[in-house]
Amino acid sequence: MLDLIGRNKELFTNDLAMYDAKLSETVATSRFLVLGGAGSIGQAVSKEIFKRNPKKLHVVDISENNMVELVRDIRSSYGYINGDFQTFALDIGSVEYDAFIKADGQYDYVLNLSALKHVRSEKDPFTLMRMIDVNVFNTDKTIQQSIDSGIKKYFCVSTDKAANPVNMMGASKRIMEMFLMRKSEKIAISTARFANVAFSDGSLLHGFNQRLQKQQPIVAPNDIKRYFVTPQESGELCLMSCIFGENRDIFFPKLSEALHLITFAEIAVKYLKQRGYEPHLCETEDEARELVKTLPQQGKWPCMFTSSDTTGEKDFEEFYTENEVLDMSRFENLGIIKNEPLYNQELLSLFEQNIAAMKEKREWSKEQIVDLFHKMIPDFGHKETGKYLDSKM
């Protein structure tokens, strides 16, 4: 996978070597709850914890099928541990989950990897409201439950798109970070911002696998550059932040010769060549759909590499803003954003009250939510083009 994203070495090898003894000792003597543990990052985190023999590892996710795959993957890779390992197919926002926490709730670390992560989820007001629920309110709820249960540390994942956000997904994570600051006065919280996870569920790169399997053309933007980490690196980053992050720390991968921007089209070319195909550029979707019936037999694959014109696409990625305070010396390849518990209680209350009022009426528009986000983030650079990824191949 590394060669596909233009690298020849893993990012955190030296930091892990330096801290692994302490990391393994902490994990082996601790109890963990992983929320959203069956997604790509959640599975990676769960495996990083499991292989270090925790006293207790409970994994919660709404996806029953992905949870089954997580267990199969763990059993096939690592076998068994003496500790208490269980999975639960639960919705974090449900009363069943609340009952689960009430029945047990005894953990040292809670890691929340649940999120609505797609920019395309902002295309309609209903999915957008669910994004707010999952990314903001479920996080706030599970932190309060952790406080009530006497949890030592709470970790949740943010996104590079929270730095100077241009889409509602990134902005929802930025607002989530504001809520974290409020709760950080009662419990230690750390988080992480990082790059795209290569071949994660639902990602464009994961879609490449699907397109080849289904004998369909490959489509990718040629003007959007992104940083990529592997699933394992995402798990390592989250666990390092969870165990070693101080209160309110946000971990991110340092930019280096090992981590650089690459376009989706470049990856598509590498991907096809690795599988024995030459990319054949097409002018239209109809042409690509027609040629996929014959070109693969000739060692070629129809592709469309186009410029991006959809809502919410950021031209470049950044892990921090110029106003944030950084610690770049503690780790070799991990940077840390240091935060004071700064938040505007009136703004947070305004957000809660406005969303509650919309839900009470069972009626809201995307414009209302965008306006509310602008109140929360005055310099929010939302890019609305009227086009969404669902309208493209």
# chains A, B, ... in the order shown; residues from 1 in each chain; ligands from 1
call {"tool": "select_by_dssp", "arguments": {"residues": "region 85-293 of chain A", "states": "alpha helix (DSSP H)", "output": "MDAnalysis selection string"}}
result
chainID A and resid 95:103 125:132 138:148 168:183 204:213 231:244 264:274 285:291
call {"tool": "closest_residue", "arguments": {"among": "A:Lys366, A:Gly79, A:Asn8, A:Leu57", "to": "Ser121 (chain A)", "atoms": "only C-alpha atoms"}}
result
A:Lys366
call {"tool": "residues_around", "arguments": {"residues": "Asn196 (chain A)", "least_positions_apart": "4", "cutoff": "12 Å", "atoms": "only C-alpha atoms", "output": "ChimeraX atom specification"}}
result
/A:5,40-41,117-118,158-161,200-206,225-231,233-234,253,259-264,317-319
call {"tool": "residues_around", "arguments": {"residues": "Leu239 (chain A)", "least_positions_apart": "5", "cutoff": "8 Å", "atoms": "only C-alpha atoms", "output": "ChimeraX atom specification"}}
result
/A:45,48-49
call {"tool": "write_last_selection", "arguments": {"atoms": "all heavy atoms", "output": "PDB file, in the first residue's frame"}}
result
ATOM      1  N   VAL A  45      -7.517   0.834  15.275  1.00  0.00           N
ATOM      2  CA  VAL A  45      -7.274   1.134  16.688  1.00  0.00           C
ATOM      3  C   VAL A  45      -7.522  -0.109  17.546  1.00  0.00           C
ATOM      4  O   VAL A  45      -6.725  -0.442  18.431  1.00  0.00           O
ATOM      5  CB  VAL A  45      -8.177   2.292  17.160  1.00  0.00           C
ATOM      6  CG1 VAL A  45      -8.082   2.461  18.672  1.00  0.00           C
ATOM      7  CG2 VAL A  45      -7.796   3.586  16.470  1.00  0.00           C
ATOM      8  N   GLU A  48      -4.646  -2.437  17.264  1.00  0.00           N
ATOM      9  CA  GLU A  48      -3.459  -1.951  17.978  1.00  0.00           C
ATOM     10  C   GLU A  48      -3.585  -2.209  19.477  1.00  0.00           C
ATOM     11  O   GLU A  48      -2.604  -2.538  20.151  1.00  0.00           O
ATOM     12  CB  GLU A  48      -3.255  -0.450  17.726  1.00  0.00           C
ATOM     13  CG  GLU A  48      -2.790  -0.099  16.323  1.00  0.00           C
ATOM     14  CD  GLU A  48      -1.432  -0.683  15.988  1.00  0.00           C
ATOM     15  OE1 GLU A  48      -0.511  -0.601  16.822  1.00  0.00           O
ATOM     16  OE2 GLU A  48      -1.296  -1.259  14.887  1.00  0.00           O
ATOM     17  N   ILE A  49      -4.795  -2.058  20.008  1.00  0.00           N
ATOM     18  CA  ILE A  49      -5.021  -2.337  21.434  1.00  0.00           C
ATOM     19  C   ILE A  49      -4.969  -3.836  21.693  1.00  0.00           C
ATOM     20  O   ILE A  49      -4.271  -4.303  22.609  1.00  0.00           O
ATOM     21  CB  ILE A  49      -6.380  -1.755  21.883  1.00  0.00           C
ATOM     22  CG1 ILE A  49      -6.373  -0.226  21.792  1.00  0.00           C
ATOM     23  CG2 ILE A  49      -6.721  -2.203  23.312  1.00  0.00           C
ATOM     24  CD1 ILE A  49      -7.731   0.415  21.976  1.00  0.00           C
TER      25      ILE A  49
END
call {"tool": "closest_residue", "arguments": {"among": "A:Glu290, A:Asn112, A:Ile377, A:Thr142", "to": "Asp98 (chain A)", "atoms": "only C-alpha atoms"}}
result
A:Thr142
call {"tool": "decode", "arguments": {"residues": "region 186-229 of chain A", "atoms": "C-alpha atoms", "output": "PDB file, in the first residue's frame"}}
result
ATOM      1  CA  LYS A 186     -14.012  17.730  33.936  1.00  0.00           C
ATOM      2  CA  ILE A 187     -12.095  14.931  32.172  1.00  0.00           C
ATOM      3  CA  ALA A 188      -8.792  14.570  30.313  1.00  0.00           C
ATOM      4  CA  ILE A 189      -9.452  14.608  26.549  1.00  0.00           C
ATOM      5  CA  SER A 190      -7.113  14.228  23.604  1.00  0.00           C
ATOM      6  CA  THR A 191      -7.791  13.980  19.913  1.00  0.00           C
ATOM      7  CA  ALA A 192      -6.117  13.684  16.512  1.00  0.00           C
ATOM      8  CA  ARG A 193      -6.314  15.309  13.118  1.00  0.00           C
ATOM      9  CA  PHE A 194      -4.878  13.327  10.280  1.00  0.00           C
ATOM     10  CA  ALA A 195      -4.907  12.744   6.579  1.00  0.00           C
ATOM     11  CA  ASN A 196      -7.063  10.561   4.373  1.00  0.00           C
ATOM     12  CA  VAL A 197      -6.811   6.907   5.369  1.00  0.00           C
ATOM     13  CA  ALA A 198      -5.817   5.028   2.232  1.00  0.00           C
ATOM     14  CA  PHE A 199      -8.399   2.462   1.095  1.00  0.00           C
ATOM     15  CA  SER A 200     -10.664   3.086   4.103  1.00  0.00           C
ATOM     16  CA  ASP A 201     -14.305   1.996   3.777  1.00  0.00           C
ATOM     17  CA  GLY A 202     -16.227   4.289   1.447  1.00  0.00           C
ATOM     18  CA  SER A 203     -13.152   6.202   0.292  1.00  0.00           C
ATOM     19  CA  LEU A 204     -12.386   6.831  -3.371  1.00  0.00           C
ATOM     20  CA  LEU A 205      -9.386   4.491  -3.174  1.00  0.00           C
ATOM     21  CA  HIS A 206     -11.551   1.745  -1.663  1.00  0.00           C
ATOM     22  CA  GLY A 207     -13.841   2.410  -4.619  1.00  0.00           C
ATOM     23  CA  PHE A 208     -11.003   1.512  -6.996  1.00  0.00           C
ATOM     24  CA  ASN A 209     -11.148  -2.053  -5.656  1.00  0.00           C
ATOM     25  CA  GLN A 210     -14.902  -2.097  -6.170  1.00  0.00           C
ATOM     26  CA  ARG A 211     -14.667  -0.754  -9.725  1.00  0.00           C
ATOM     27  CA  LEU A 212     -12.200  -3.434 -10.809  1.00  0.00           C
ATOM     28  CA  GLN A 213     -14.189  -6.157  -9.106  1.00  0.00           C
ATOM     29  CA  LYS A 214     -17.370  -4.995 -10.848  1.00  0.00           C
ATOM     30  CA  GLN A 215     -15.727  -4.307 -14.217  1.00  0.00           C
ATOM     31  CA  GLN A 216     -16.458  -0.571 -14.134  1.00  0.00           C
ATOM     32  CA  PRO A 217     -14.438   2.528 -15.149  1.00  0.00           C
ATOM     33  CA  ILE A 218     -12.222   4.355 -12.669  1.00  0.00           C
ATOM     34  CA  VAL A 219     -12.947   8.042 -12.081  1.00  0.00           C
ATOM     35  CA  ALA A 220     -10.715  10.378 -10.070  1.00  0.00           C
ATOM     36  CA  PRO A 221     -10.078  14.133  -9.733  1.00  0.00           C
ATOM     37  CA  ASN A 222      -6.741  15.277 -11.170  1.00  0.00           C
ATOM     38  CA  ASP A 223      -6.609  18.616  -9.321  1.00  0.00           C
ATOM     39  CA  ILE A 224      -7.248  17.566  -5.713  1.00  0.00           C
ATOM     40  CA  LYS A 225      -4.138  16.732  -3.662  1.00  0.00           C
ATOM     41  CA  ARG A 226      -4.315  14.933  -0.343  1.00  0.00           C
ATOM     42  CA  TYR A 227      -2.064  13.512   2.355  1.00  0.00           C
ATOM     43  CA  PHE A 228      -2.547   9.800   2.986  1.00  0.00           C
ATOM     44  CA  VAL A 229      -1.835   7.514   5.918  1.00  0.00           C
TER      45      VAL A 229
END
